[in-house]
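Below is one structure; the comments refer to it alone.
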Amino acid sequence: ILYTGGTIWCTEGDSGLTPLSQNDFKTAFTTNISPIIQNQYPDLKEPEGDISFIPFCNPPSFDTPTLDSTNLQPSDWCTMAIDILSNYSSYDAFIVLHGTDTMAWTGSALSFLFTGLQNNGFPNAVLSKPIIVTGSQLPLFYENALSKYSLLFNTDAFQNVCGAVASAYTGVPEVCLYFNDTLFRGNRSVKTNASKFNAFSSPNYPNLGEYGVEFYLSNKNILPHPPKGISLESESAYLSLKSQLDHISKNINNTKITPFLAFPAYYNDTVSHKTSVLGDMLRALINQGVNGIIMESYGEGNFPSGSGNPDHPENGDIYDALKKAHEDGIVLIDCTQVVTGIVNATAYASGSWLGSIHIGAIGAYDMTPISALAKLIYLCTLLGYNNNNWDQSTIKWLMQTNIAGEIMDVNRLASSGKLSLSPGESIMALYGTAILVNDFELGPVLYEIKADGSSDGSREKLWSPVNPQTGNMPGTLYMQGDSNLVFYDESGKVLYASNTARVGVPAPVLILDGTNQANGIRLYIYDYTNGTIIKTLYPAT
């Protein structure tokens with residue numbers, strides 16, 4: 001248990017909630033909570049050490065004060081990750097007790113910090129044990145004259161601790177957030193209630209588990225255990241992640257990422273006096289040397305341009321400020337301030353200008369602004385690490401790539417994420433040049449998307465492996481764990497197989513890649529543990 005602070009470690013004092021010392025909290029927990037846990041899980045037996053406390057400090061000392069999460073900064077994420085990684089081989093699971101104010105940021109950040117990245121953006125080190133972040137709206141203990149600190153039973157604190165232990169006991173290989181009988185993916189969670197026990201939710205991704213009479217785990221929503229070669233159980237993966245985490249810890253304070261909320265504000269778009277409040281604020285951020293801006297737009301990604309004419313956003317002062325940001329190498333991520341939904345800035349003219357070559361903003365799809373901020377800090381801090389030659393476009397590509405379950409799979413089917421295309425579903429090249437659609441009647445069809453945005457009917461068909469006359473349509477396309485890409489019809493009959501099955505423990509992914517250059521579209525199966533292309537499906541080889 002990594003004990004960082006928060007309401008859960010406080011007691012009611014004369015002047016309000018007062019934090020316990022780490023020694024007092026450890027004593028109270030060992031006296032009141034540990035026997036209950038060990039009774040529930042009898043294989044957690046003595047000697048003492050099966051439930052241990054990792055002090056949140058450097059150098060470790062239980063006398064060091066813990067941190068109110070309101071005052072948390074990105075370097076504290078690194079401290080937590082280093083503390084856990086240093087003890088990784090000694091324990092089967094980890095619980096982080098944390099304040100609720102910034103718990104969602106920590107749940108997001110830890111998921112990235114426990115993912116090692118190769119230069120090509122594929123993982124070379126992946127979490128293999130549970131890390132469960134939890135806290136409470138009310139304290140866990142109260143002062144008692146007889147026993148000093150007694151358990152405050154009828155609060156969310158006790159329930160959340162028990163639920164976090166039950167979650168950890170499942171072995172789910174993710175950074176999760178547990179609150180109010182519910183297990184969430186950490187980088188999908190958002191605090192949506194400031195006072196009630198149901199403080200957190202996961203707007204764009206299903207819950208991972210629920211705790212009723214028994215603990216129920218939704219296995220289909222959970223990331224799979226990593227292949228042996230990139231699991232943190234592997235010494236090479238562990239050392240690789242340790243090196244990356246050391247670099248991030250030393251450099252994270254030099255990375256400046258900021259959220260920026262759209263709101264109705266004054267602007268003037270006349271040629272003689274073009275100005276705006278939002279434009280002035282953006283220029284102030286640019287002058288501070290920020291590396292990236294998380295734009296919290298309206299609706300599906302619409303952001304004001306500072307022009308009253310939606311057909312000419314280039315006349316706006318906000319447009320000019322964002323253009324300057326792009327030219328200065330600042331990464332612009334278009335999120336939405338709406339709690340639930342997918343960013344599709346092209347749905348309205350008032351948002352489509354963000355993706356132009358002059359602005360270069362990219363959509364965050366279903367990623368939360370919280371997760372986007374933590375991810376962009378992580379990626380920008382890795383610039384120059386291990387001789388990677390990432391630039392602004394690489395960072396944007398990685399932001400739209402699923403690294404730790406934080407975003408929908410856009411351009412790939414992977415054993416670590418989305419495994420299949422059901423009828424009507426599709427994946428799309430991140431550059432928007434091609435789309436692979438599982439057609440209800442035709443099966444998988446790869447189309448080139450014309451630059452003029454022409455309709456599906458006039459798109460050029462590039463690849464179609466299935467003869468629909470030979471089966472019962474529709475069907476489902478699977479990227480199987482054995483590296484075989486297979487299309488099954490409605491009756492389960494195989495209508496297409498790539499015949500690329502491999503022995504061992506591969507980590508296959510079907511990737512649709514595309515550039516704005518001629519003949520730049522590629523559809524291929526890739527094994528990211530070995531860094532090899534298994535088979536190129538298009539163009540034919």
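Every chain in the structure tokens has a letter given in the order shown (A, B, ...), and although residue numbers restart at 1 in each chain, ligands are simply numbered from 1 in the order shown.
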Within 7 Å of A:Leu110, counting only C-alpha atoms, which residues qualify if same-chain residues fewer than 6 places away don't, as a list in words?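 Final neighbour list, sorted by chain and number: Trp77, Ala81 and Val175 of chain A.
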DSSP says strand (DSSP E) for which residues of stretch 321-434 of chain A? Put them as a ChimeraX atom specification? /A:331-336,362-363,412-414,420-421,426-428,434
With DSSP run on the backbone, what are the alpha helix (DSSP H) residues within stretch 248-442 of chain A? I'd like them as a ChimeraX atom specification. /A:248-251,277-287,317-327,349-352,369-381,392-399
Give me the residues within 9 Å of stretch 199-208 of chain A as a PyMOL selection string, counting only C-alpha atoms and dropping any in the same chain fewer than 3 places off. chain A and resi 100+104+136-137+176-180+182-186+188-196+216-222+339-342+366-368
Those selected residues, please, written with N, CA, C and O atoms and delivered as a CSV table (one decimal), in the first residue's frame.
chain,number,residue,atom,x,y,z
A,100,THR,N,-8.9,12.8,-3.5
A,100,THR,CA,-9.8,12.7,-4.6
A,100,THR,C,-9.7,13.8,-5.6
A,100,THR,O,-10.0,13.6,-6.8
A,104,ALA,N,-7.9,11.3,-10.6
A,104,ALA,CA,-8.1,10.9,-12.0
A,104,ALA,C,-6.8,11.2,-12.8
A,104,ALA,O,-6.4,10.5,-13.7
A,136,SER,N,-11.2,8.5,-0.5
A,136,SER,CA,-12.6,8.6,0.1
A,136,SER,C,-13.0,10.0,0.2
A,136,SER,O,-12.2,10.9,0.1
A,137,GLN,N,-14.3,10.2,0.4
A,137,GLN,CA,-14.9,11.5,0.7
A,137,GLN,C,-14.9,11.8,2.2
A,137,GLN,O,-15.0,12.9,2.6
A,176,CYS,N,-5.8,1.1,-12.2
A,176,CYS,CA,-7.3,1.2,-12.1
A,176,CYS,C,-7.6,2.2,-11.0
A,176,CYS,O,-6.8,2.6,-10.1
A,177,LEU,N,-8.8,2.7,-11.0
A,177,LEU,CA,-9.3,3.6,-9.9
A,177,LEU,C,-10.6,2.9,-9.4
A,177,LEU,O,-11.5,2.5,-10.1
A,178,TYR,N,-10.6,2.7,-8.0
A,178,TYR,CA,-11.7,2.1,-7.4
A,178,TYR,C,-12.4,3.1,-6.5
A,178,TYR,O,-11.8,3.7,-5.7
A,179,PHE,N,-13.8,3.2,-6.7
A,179,PHE,CA,-14.6,4.1,-5.9
A,179,PHE,C,-16.0,3.6,-5.9
A,179,PHE,O,-16.5,3.3,-7.0
A,180,ASN,N,-16.6,3.6,-4.7
A,180,ASN,CA,-18.1,3.4,-4.6
A,180,ASN,C,-18.5,2.1,-5.3
A,180,ASN,O,-19.4,2.1,-6.2
A,182,THR,N,-17.2,0.3,-7.5
A,182,THR,CA,-16.9,0.2,-9.0
A,182,THR,C,-15.4,0.4,-9.3
A,182,THR,O,-14.7,1.2,-8.7
A,183,LEU,N,-15.0,-0.5,-10.2
A,183,LEU,CA,-13.6,-0.4,-10.7
A,183,LEU,C,-13.6,0.2,-12.1
A,183,LEU,O,-14.2,-0.3,-13.0
A,184,PHE,N,-12.8,1.3,-12.2
A,184,PHE,CA,-12.7,2.0,-13.5
A,184,PHE,C,-11.2,1.8,-14.0
A,184,PHE,O,-10.3,1.6,-13.2
A,185,ARG,N,-11.1,1.9,-15.3
A,185,ARG,CA,-9.7,2.1,-15.9
A,185,ARG,C,-9.3,3.5,-15.4
A,185,ARG,O,-10.0,4.5,-15.6
A,186,GLY,N,-8.0,3.6,-14.9
A,186,GLY,CA,-7.5,4.8,-14.4
A,186,GLY,C,-7.5,6.0,-15.3
A,186,GLY,O,-7.9,7.1,-15.0
A,188,ARG,N,-9.4,6.5,-17.8
A,188,ARG,CA,-10.7,6.8,-18.4
A,188,ARG,C,-11.6,7.4,-17.3
A,188,ARG,O,-12.8,7.8,-17.6
A,189,SER,N,-11.1,7.6,-16.1
A,189,SER,CA,-12.0,8.1,-15.0
A,189,SER,C,-12.0,9.6,-14.9
A,189,SER,O,-11.0,10.3,-15.2
A,190,VAL,N,-13.1,10.1,-14.4
A,190,VAL,CA,-13.3,11.5,-14.2
A,190,VAL,C,-14.1,11.7,-12.8
A,190,VAL,O,-15.0,11.0,-12.6
A,191,LYS,N,-13.7,12.7,-12.1
A,191,LYS,CA,-14.5,13.0,-10.9
A,191,LYS,C,-15.7,13.9,-11.3
A,191,LYS,O,-15.5,14.9,-11.8
A,192,THR,N,-16.9,13.3,-11.0
A,192,THR,CA,-18.1,14.0,-11.5
A,192,THR,C,-19.0,14.4,-10.3
A,192,THR,O,-20.1,14.8,-10.6
A,193,ASN,N,-18.6,14.1,-9.1
A,193,ASN,CA,-19.4,14.5,-8.0
A,193,ASN,C,-18.5,15.0,-6.8
A,193,ASN,O,-17.6,14.2,-6.4
A,194,ALA,N,-18.7,16.2,-6.3
A,194,ALA,CA,-17.7,16.7,-5.3
A,194,ALA,C,-18.0,16.3,-3.9
A,194,ALA,O,-17.1,16.4,-3.0
A,195,SER,N,-19.2,15.7,-3.6
A,195,SER,CA,-19.6,15.5,-2.2
A,195,SER,C,-20.1,14.1,-1.9
A,195,SER,O,-20.0,13.6,-0.8
A,196,LYS,N,-20.7,13.5,-2.9
A,196,LYS,CA,-21.4,12.2,-2.7
A,196,LYS,C,-20.4,11.0,-2.8
A,196,LYS,O,-19.3,11.2,-3.4
A,216,TYR,N,-17.3,-8.8,-9.1
A,216,TYR,CA,-17.5,-9.2,-10.5
A,216,TYR,C,-16.6,-8.4,-11.4
A,216,TYR,O,-16.5,-7.2,-11.3
A,217,LEU,N,-15.8,-9.1,-12.2
A,217,LEU,CA,-14.8,-8.5,-13.1
A,217,LEU,C,-15.3,-8.7,-14.5
A,217,LEU,O,-15.6,-9.8,-15.0
A,218,SER,N,-15.4,-7.6,-15.3
A,218,SER,CA,-15.8,-7.7,-16.7
A,218,SER,C,-14.6,-7.9,-17.6
A,218,SER,O,-13.9,-7.0,-18.0
A,219,ASN,N,-14.2,-9.2,-17.8
A,219,ASN,CA,-13.0,-9.5,-18.4
A,219,ASN,C,-12.9,-9.0,-19.9
A,219,ASN,O,-11.8,-8.6,-20.3
A,220,LYS,N,-14.0,-8.8,-20.6
A,220,LYS,CA,-13.9,-8.3,-21.9
A,220,LYS,C,-13.5,-6.9,-22.0
A,220,LYS,O,-13.0,-6.4,-23.1
A,221,ASN,N,-13.6,-6.1,-20.9
A,221,ASN,CA,-13.2,-4.7,-20.9
A,221,ASN,C,-11.8,-4.5,-20.4
A,221,ASN,O,-11.3,-3.4,-20.3
A,222,ILE,N,-11.1,-5.6,-20.0
A,222,ILE,CA,-9.8,-5.4,-19.3
A,222,ILE,C,-8.7,-5.7,-20.3
A,222,ILE,O,-8.8,-6.5,-21.2
A,339,VAL,N,-18.8,16.0,-20.9
A,339,VAL,CA,-18.3,14.8,-20.2
A,339,VAL,C,-18.3,13.6,-21.0
A,339,VAL,O,-17.3,12.8,-21.0
A,340,THR,N,-19.3,13.4,-21.9
A,340,THR,CA,-19.4,12.1,-22.6
A,340,THR,C,-19.4,12.5,-24.1
A,340,THR,O,-20.1,13.4,-24.5
A,341,GLY,N,-18.7,11.7,-24.9
A,341,GLY,CA,-18.8,11.9,-26.4
A,341,GLY,C,-17.4,11.7,-27.0
A,341,GLY,O,-16.4,11.6,-26.4
A,342,ILE,N,-17.5,11.7,-28.4
A,342,ILE,CA,-16.3,11.6,-29.2
A,342,ILE,C,-16.0,12.9,-30.0
A,342,ILE,O,-17.0,13.4,-30.6
A,366,ASP,N,-12.2,9.8,-28.0
A,366,ASP,CA,-12.9,9.6,-26.8
A,366,ASP,C,-12.0,9.7,-25.5
A,366,ASP,O,-12.4,9.3,-24.4
A,367,MET,N,-10.9,10.3,-25.7
A,367,MET,CA,-9.9,10.5,-24.6
A,367,MET,C,-10.4,11.6,-23.7
A,367,MET,O,-10.8,12.7,-24.3
A,368,THR,N,-10.3,11.5,-22.4
A,368,THR,CA,-10.7,12.6,-21.5
A,368,THR,C,-9.6,13.7,-21.6
A,368,THR,O,-8.4,13.4,-21.8
Nearby residues (only C-alpha atoms) at most 12 Å from stretch 388-396 of chain A, same-chain spacing under 3 positions excluded, as number ranges by chain: A: 117-121, 291-294, 325-334, 355, 357, 360-364, 372, 375-385, 399-401, 430-431, 515
With distances taken over only C-alpha atoms, which of A:Asn309, A:Ser371, A:Ser352, A:Ser420 is nearest to A:Trp105? A:Ser371
Applying 8 Å and only C-alpha atoms, which residues near stretch 250-267 of chain A remain after dropping the ones on its own chain fewer than 2 positions away? List them as a PDB file with N, CA, C and O atoms, in the first residue's frame.
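So out_25.pdb came out as:
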ATOM      1  N   PRO A  74       3.327  17.087 -11.335  1.00  0.00           N
ATOM      2  CA  PRO A  74       3.712  15.912 -12.135  1.00  0.00           C
ATOM      3  C   PRO A  74       4.893  15.130 -11.582  1.00  0.00           C
ATOM      4  O   PRO A  74       4.942  13.906 -11.728  1.00  0.00           O
ATOM      5  N   SER A  75       5.853  15.791 -10.936  1.00  0.00           N
ATOM      6  CA  SER A  75       6.982  15.048 -10.383  1.00  0.00           C
ATOM      7  C   SER A  75       6.537  14.070  -9.303  1.00  0.00           C
ATOM      8  O   SER A  75       7.202  13.050  -9.065  1.00  0.00           O
ATOM      9  N   ASP A 246      13.459   6.964 -15.040  1.00  0.00           N
ATOM     10  CA  ASP A 246      14.498   7.847 -14.498  1.00  0.00           C
ATOM     11  C   ASP A 246      14.632   9.107 -15.360  1.00  0.00           C
ATOM     12  O   ASP A 246      14.774  10.220 -14.836  1.00  0.00           O
ATOM     13  N   HIS A 247      14.581   8.921 -16.690  1.00  0.00           N
ATOM     14  CA  HIS A 247      14.670  10.074 -17.593  1.00  0.00           C
ATOM     15  C   HIS A 247      13.480  11.010 -17.397  1.00  0.00           C
ATOM     16  O   HIS A 247      13.651  12.239 -17.308  1.00  0.00           O
ATOM     17  N   ILE A 248      12.279  10.445 -17.324  1.00  0.00           N
ATOM     18  CA  ILE A 248      11.081  11.274 -17.155  1.00  0.00           C
ATOM     19  C   ILE A 248      11.146  12.029 -15.830  1.00  0.00           C
ATOM     20  O   ILE A 248      10.845  13.222 -15.757  1.00  0.00           O
ATOM     21  N   ASP A 269     -13.537  41.167 -34.997  1.00  0.00           N
ATOM     22  CA  ASP A 269     -12.907  40.626 -36.205  1.00  0.00           C
ATOM     23  C   ASP A 269     -12.784  41.653 -37.328  1.00  0.00           C
ATOM     24  O   ASP A 269     -12.585  41.290 -38.488  1.00  0.00           O
ATOM     25  N   LYS A 274      -8.451  43.767 -35.133  1.00  0.00           N
ATOM     26  CA  LYS A 274      -8.735  42.348 -34.875  1.00  0.00           C
ATOM     27  C   LYS A 274      -8.143  41.969 -33.519  1.00  0.00           C
ATOM     28  O   LYS A 274      -6.928  42.040 -33.314  1.00  0.00           O
ATOM     29  N   THR A 275      -9.003  41.573 -32.589  1.00  0.00           N
ATOM     30  CA  THR A 275      -8.533  41.235 -31.248  1.00  0.00           C
ATOM     31  C   THR A 275      -9.513  40.262 -30.602  1.00  0.00           C
ATOM     32  O   THR A 275     -10.631  40.065 -31.090  1.00  0.00           O
ATOM     33  N   SER A 276      -9.096  39.642 -29.490  1.00  0.00           N
ATOM     34  CA  SER A 276      -9.979  38.737 -28.750  1.00  0.00           C
ATOM     35  C   SER A 276      -9.371  38.434 -27.395  1.00  0.00           C
ATOM     36  O   SER A 276      -8.147  38.434 -27.224  1.00  0.00           O
ATOM     37  N   VAL A 277     -10.232  38.168 -26.430  1.00  0.00           N
ATOM     38  CA  VAL A 277      -9.773  37.790 -25.093  1.00  0.00           C
ATOM     39  C   VAL A 277      -9.063  36.446 -25.143  1.00  0.00           C
ATOM     40  O   VAL A 277      -7.967  36.270 -24.588  1.00  0.00           O
ATOM     41  N   LEU A 278      -9.679  35.456 -25.816  1.00  0.00           N
ATOM     42  CA  LEU A 278      -9.076  34.124 -25.895  1.00  0.00           C
ATOM     43  C   LEU A 278      -7.752  34.165 -26.653  1.00  0.00           C
ATOM     44  O   LEU A 278      -6.798  33.467 -26.299  1.00  0.00           O
ATOM     45  N   GLY A 289       6.264  29.566 -23.289  1.00  0.00           N
ATOM     46  CA  GLY A 289       7.021  28.428 -23.801  1.00  0.00           C
ATOM     47  C   GLY A 289       6.374  27.083 -23.565  1.00  0.00           C
ATOM     48  O   GLY A 289       7.069  26.083 -23.337  1.00  0.00           O
ATOM     49  N   VAL A 290       5.038  27.023 -23.631  1.00  0.00           N
ATOM     50  CA  VAL A 290       4.366  25.737 -23.433  1.00  0.00           C
ATOM     51  C   VAL A 290       4.698  24.789 -24.576  1.00  0.00           C
ATOM     52  O   VAL A 290       4.925  25.202 -25.715  1.00  0.00           O
ATOM     53  N   ASN A 291       4.726  23.484 -24.251  1.00  0.00           N
ATOM     54  CA  ASN A 291       4.973  22.452 -25.261  1.00  0.00           C
ATOM     55  C   ASN A 291       3.698  21.973 -25.932  1.00  0.00           C
ATOM     56  O   ASN A 291       3.727  21.498 -27.073  1.00  0.00           O
ATOM     57  N   GLY A 292       2.586  22.080 -25.218  1.00  0.00           N
ATOM     58  CA  GLY A 292       1.325  21.598 -25.767  1.00  0.00           C
ATOM     59  C   GLY A 292       0.139  22.234 -25.074  1.00  0.00           C
ATOM     60  O   GLY A 292       0.244  22.682 -23.923  1.00  0.00           O
ATOM     61  N   ILE A 293      -0.981  22.273 -25.783  1.00  0.00           N
ATOM     62  CA  ILE A 293      -2.224  22.836 -25.240  1.00  0.00           C
ATOM     63  C   ILE A 293      -3.340  21.823 -25.434  1.00  0.00           C
ATOM     64  O   ILE A 293      -3.578  21.346 -26.551  1.00  0.00           O
ATOM     65  N   ILE A 294      -4.024  21.475 -24.342  1.00  0.00           N
ATOM     66  CA  ILE A 294      -5.211  20.617 -24.397  1.00  0.00           C
ATOM     67  C   ILE A 294      -6.422  21.539 -24.512  1.00  0.00           C
ATOM     68  O   ILE A 294      -6.835  22.178 -23.538  1.00  0.00           O
ATOM     69  N   MET A 295      -6.969  21.633 -25.708  1.00  0.00           N
ATOM     70  CA  MET A 295      -8.091  22.535 -25.967  1.00  0.00           C
ATOM     71  C   MET A 295      -9.403  21.857 -25.575  1.00  0.00           C
ATOM     72  O   MET A 295      -9.771  20.838 -26.149  1.00  0.00           O
ATOM     73  N   GLU A 296     -10.066  22.408 -24.587  1.00  0.00           N
ATOM     74  CA  GLU A 296     -11.351  21.861 -24.165  1.00  0.00           C
ATOM     75  C   GLU A 296     -12.442  22.632 -24.901  1.00  0.00           C
ATOM     76  O   GLU A 296     -12.919  23.673 -24.454  1.00  0.00           O
ATOM     77  N   SER A 297     -12.827  22.071 -26.038  1.00  0.00           N
ATOM     78  CA  SER A 297     -13.730  22.745 -26.968  1.00  0.00           C
ATOM     79  C   SER A 297     -15.188  22.532 -26.586  1.00  0.00           C
ATOM     80  O   SER A 297     -15.509  21.835 -25.619  1.00  0.00           O
ATOM     81  N   TYR A 298     -16.072  23.114 -27.373  1.00  0.00           N
ATOM     82  CA  TYR A 298     -17.499  22.864 -27.233  1.00  0.00           C
ATOM     83  C   TYR A 298     -17.860  21.570 -27.965  1.00  0.00           C
ATOM     84  O   TYR A 298     -17.190  21.173 -28.935  1.00  0.00           O
ATOM     85  N   PHE A 303     -14.322  25.003 -31.704  1.00  0.00           N
ATOM     86  CA  PHE A 303     -13.597  26.026 -30.955  1.00  0.00           C
ATOM     87  C   PHE A 303     -13.783  27.368 -31.653  1.00  0.00           C
ATOM     88  O   PHE A 303     -13.714  27.442 -32.888  1.00  0.00           O
ATOM     89  N   PRO A 304     -14.028  28.439 -30.888  1.00  0.00           N
ATOM     90  CA  PRO A 304     -14.224  29.755 -31.528  1.00  0.00           C
ATOM     91  C   PRO A 304     -12.962  30.211 -32.252  1.00  0.00           C
ATOM     92  O   PRO A 304     -11.843  30.034 -31.749  1.00  0.00           O
ATOM     93  N   GLY A 306     -12.764  33.468 -33.397  1.00  0.00           N
ATOM     94  CA  GLY A 306     -12.680  34.926 -33.265  1.00  0.00           C
ATOM     95  C   GLY A 306     -13.206  35.642 -34.489  1.00  0.00           C
ATOM     96  O   GLY A 306     -13.004  36.840 -34.648  1.00  0.00           O
ATOM     97  N   SER A 307     -13.889  34.891 -35.357  1.00  0.00           N
ATOM     98  CA  SER A 307     -14.499  35.485 -36.544  1.00  0.00           C
ATOM     99  C   SER A 307     -15.996  35.242 -36.503  1.00  0.00           C
ATOM    100  O   SER A 307     -16.444  34.129 -36.217  1.00  0.00           O
ATOM    101  N   ASP A 317      -9.007  36.455 -34.676  1.00  0.00           N
ATOM    102  CA  ASP A 317      -7.787  36.645 -33.888  1.00  0.00           C
ATOM    103  C   ASP A 317      -7.380  35.351 -33.187  1.00  0.00           C
ATOM    104  O   ASP A 317      -6.185  35.083 -33.011  1.00  0.00           O
ATOM    105  N   GLN A 337     -15.088  19.724 -23.645  1.00  0.00           N
ATOM    106  CA  GLN A 337     -15.420  19.943 -22.246  1.00  0.00           C
ATOM    107  C   GLN A 337     -16.702  19.233 -21.845  1.00  0.00           C
ATOM    108  O   GLN A 337     -17.061  19.211 -20.671  1.00  0.00           O
ATOM    109  N   PRO A 369      -9.988  14.956 -21.307  1.00  0.00           N
ATOM    110  CA  PRO A 369      -8.970  16.017 -21.213  1.00  0.00           C
ATOM    111  C   PRO A 369      -7.928  15.730 -20.141  1.00  0.00           C
ATOM    112  O   PRO A 369      -6.761  16.085 -20.286  1.00  0.00           O
ATOM    113  N   LEU A 373      -3.977  15.371 -21.043  1.00  0.00           N
ATOM    114  CA  LEU A 373      -2.940  16.207 -20.452  1.00  0.00           C
ATOM    115  C   LEU A 373      -1.805  15.346 -19.892  1.00  0.00           C
ATOM    116  O   LEU A 373      -0.621  15.620 -20.143  1.00  0.00           O
ATOM    117  N   LEU A 376       0.196  13.780 -22.814  1.00  0.00           N
ATOM    118  CA  LEU A 376       1.034  14.718 -23.554  1.00  0.00           C
ATOM    119  C   LEU A 376       2.265  15.113 -22.737  1.00  0.00           C
ATOM    120  O   LEU A 376       3.351  15.291 -23.293  1.00  0.00           O
ATOM    121  N   ILE A 377       2.117  15.253 -21.419  1.00  0.00           N
ATOM    122  CA  ILE A 377       3.285  15.494 -20.568  1.00  0.00           C
ATOM    123  C   ILE A 377       4.269  14.338 -20.696  1.00  0.00           C
ATOM    124  O   ILE A 377       5.482  14.535 -20.861  1.00  0.00           O
ATOM    125  N   TYR A 378       3.742  13.131 -20.614  1.00  0.00           N
ATOM    126  CA  TYR A 378       4.567  11.911 -20.721  1.00  0.00           C
ATOM    127  C   TYR A 378       5.315  11.859 -22.046  1.00  0.00           C
ATOM    128  O   TYR A 378       6.533  11.642 -22.095  1.00  0.00           O
ATOM    129  N   CYS A 380       5.898  14.337 -24.328  1.00  0.00           N
ATOM    130  CA  CYS A 380       6.825  15.456 -24.557  1.00  0.00           C
ATOM    131  C   CYS A 380       8.076  15.335 -23.694  1.00  0.00           C
ATOM    132  O   CYS A 380       9.156  15.787 -24.098  1.00  0.00           O
ATOM    133  N   THR A 381       7.943  14.729 -22.522  1.00  0.00           N
ATOM    134  CA  THR A 381       9.120  14.530 -21.680  1.00  0.00           C
ATOM    135  C   THR A 381      10.049  13.476 -22.261  1.00  0.00           C
ATOM    136  O   THR A 381      11.237  13.432 -21.942  1.00  0.00           O
TER     137      THR A 381
END
Close residues, A:Pro19 itself excluded, 9 Å, only C-alpha atoms, min 6 positions apart in chain, as a list of chain:residue names: A:Gly5, A:Gly6, A:Thr7, A:Ile8, A:Trp9, A:Cys10, A:Thr11, A:Glu12, A:Pro65, A:Thr66
Preceding selection exported with N, CA, C and O atoms as a PDB file, in the first residue's frame:
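The result, written out as again.pdb:
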ATOM      1  N   GLY A   5      -1.677  10.247   0.914  1.00  0.00           N
ATOM      2  CA  GLY A   5      -2.413  11.304   1.601  1.00  0.00           C
ATOM      3  C   GLY A   5      -3.871  11.316   1.214  1.00  0.00           C
ATOM      4  O   GLY A   5      -4.421  10.332   0.741  1.00  0.00           O
ATOM      5  N   GLY A   6      -4.539  12.451   1.430  1.00  0.00           N
ATOM      6  CA  GLY A   6      -5.942  12.596   1.098  1.00  0.00           C
ATOM      7  C   GLY A   6      -6.840  12.517   2.319  1.00  0.00           C
ATOM      8  O   GLY A   6      -6.386  12.270   3.441  1.00  0.00           O
ATOM      9  N   THR A   7      -8.129  12.703   2.093  1.00  0.00           N
ATOM     10  CA  THR A   7      -9.114  12.664   3.181  1.00  0.00           C
ATOM     11  C   THR A   7      -9.059  11.353   3.944  1.00  0.00           C
ATOM     12  O   THR A   7      -9.258  11.317   5.164  1.00  0.00           O
ATOM     13  N   ILE A   8      -8.756  10.274   3.242  1.00  0.00           N
ATOM     14  CA  ILE A   8      -8.785   8.949   3.848  1.00  0.00           C
ATOM     15  C   ILE A   8      -7.805   8.832   5.014  1.00  0.00           C
ATOM     16  O   ILE A   8      -7.977   8.029   5.921  1.00  0.00           O
ATOM     17  N   TRP A   9      -6.749   9.664   5.042  1.00  0.00           N
ATOM     18  CA  TRP A   9      -5.741   9.568   6.106  1.00  0.00           C
ATOM     19  C   TRP A   9      -5.915  10.634   7.185  1.00  0.00           C
ATOM     20  O   TRP A   9      -5.042  10.821   8.014  1.00  0.00           O
ATOM     21  N   CYS A  10      -7.052  11.331   7.164  1.00  0.00           N
ATOM     22  CA  CYS A  10      -7.290  12.394   8.141  1.00  0.00           C
ATOM     23  C   CYS A  10      -8.186  11.920   9.281  1.00  0.00           C
ATOM     24  O   CYS A  10      -8.857  10.885   9.192  1.00  0.00           O
ATOM     25  N   THR A  11      -8.195  12.688  10.350  1.00  0.00           N
ATOM     26  CA  THR A  11      -9.180  12.529  11.423  1.00  0.00           C
ATOM     27  C   THR A  11      -9.772  13.896  11.722  1.00  0.00           C
ATOM     28  O   THR A  11      -9.191  14.931  11.391  1.00  0.00           O
ATOM     29  N   GLU A  12     -10.931  13.888  12.382  1.00  0.00           N
ATOM     30  CA  GLU A  12     -11.601  15.147  12.714  1.00  0.00           C
ATOM     31  C   GLU A  12     -10.939  15.775  13.933  1.00  0.00           C
ATOM     32  O   GLU A  12     -10.890  15.182  15.012  1.00  0.00           O
ATOM     33  N   PRO A  65       5.756  14.123   6.157  1.00  0.00           N
ATOM     34  CA  PRO A  65       4.330  14.403   5.917  1.00  0.00           C
ATOM     35  C   PRO A  65       3.891  13.913   4.535  1.00  0.00           C
ATOM     36  O   PRO A  65       4.667  13.933   3.585  1.00  0.00           O
ATOM     37  N   THR A  66       2.653  13.494   4.442  1.00  0.00           N
ATOM     38  CA  THR A  66       2.083  13.128   3.154  1.00  0.00           C
ATOM     39  C   THR A  66       1.557  14.375   2.452  1.00  0.00           C
ATOM     40  O   THR A  66       1.591  15.467   2.989  1.00  0.00           O
TER      41      THR A  66
END
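For A:Lys493, the list of residues within 10 Å, based on only C-alpha atoms and with local chain neighbours fewer than 2 positions off taken out, reads Thr470, Gly471, Asn472, Gly475, Phe487, Tyr488, Asp489, Glu490, Ser491, Leu495 and Tyr496 of chain A.
Take the candidates A:Ala28, A:Leu152, A:Ala497, A:Leu485 and check each one against A:Tyr524 using only C-alpha atoms; the shortest distance goes to A:Leu485.
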Computed interatomic separation between atom CA of A:Ile534 and atom CA of A:Glu425 (Å): 23.9 Å
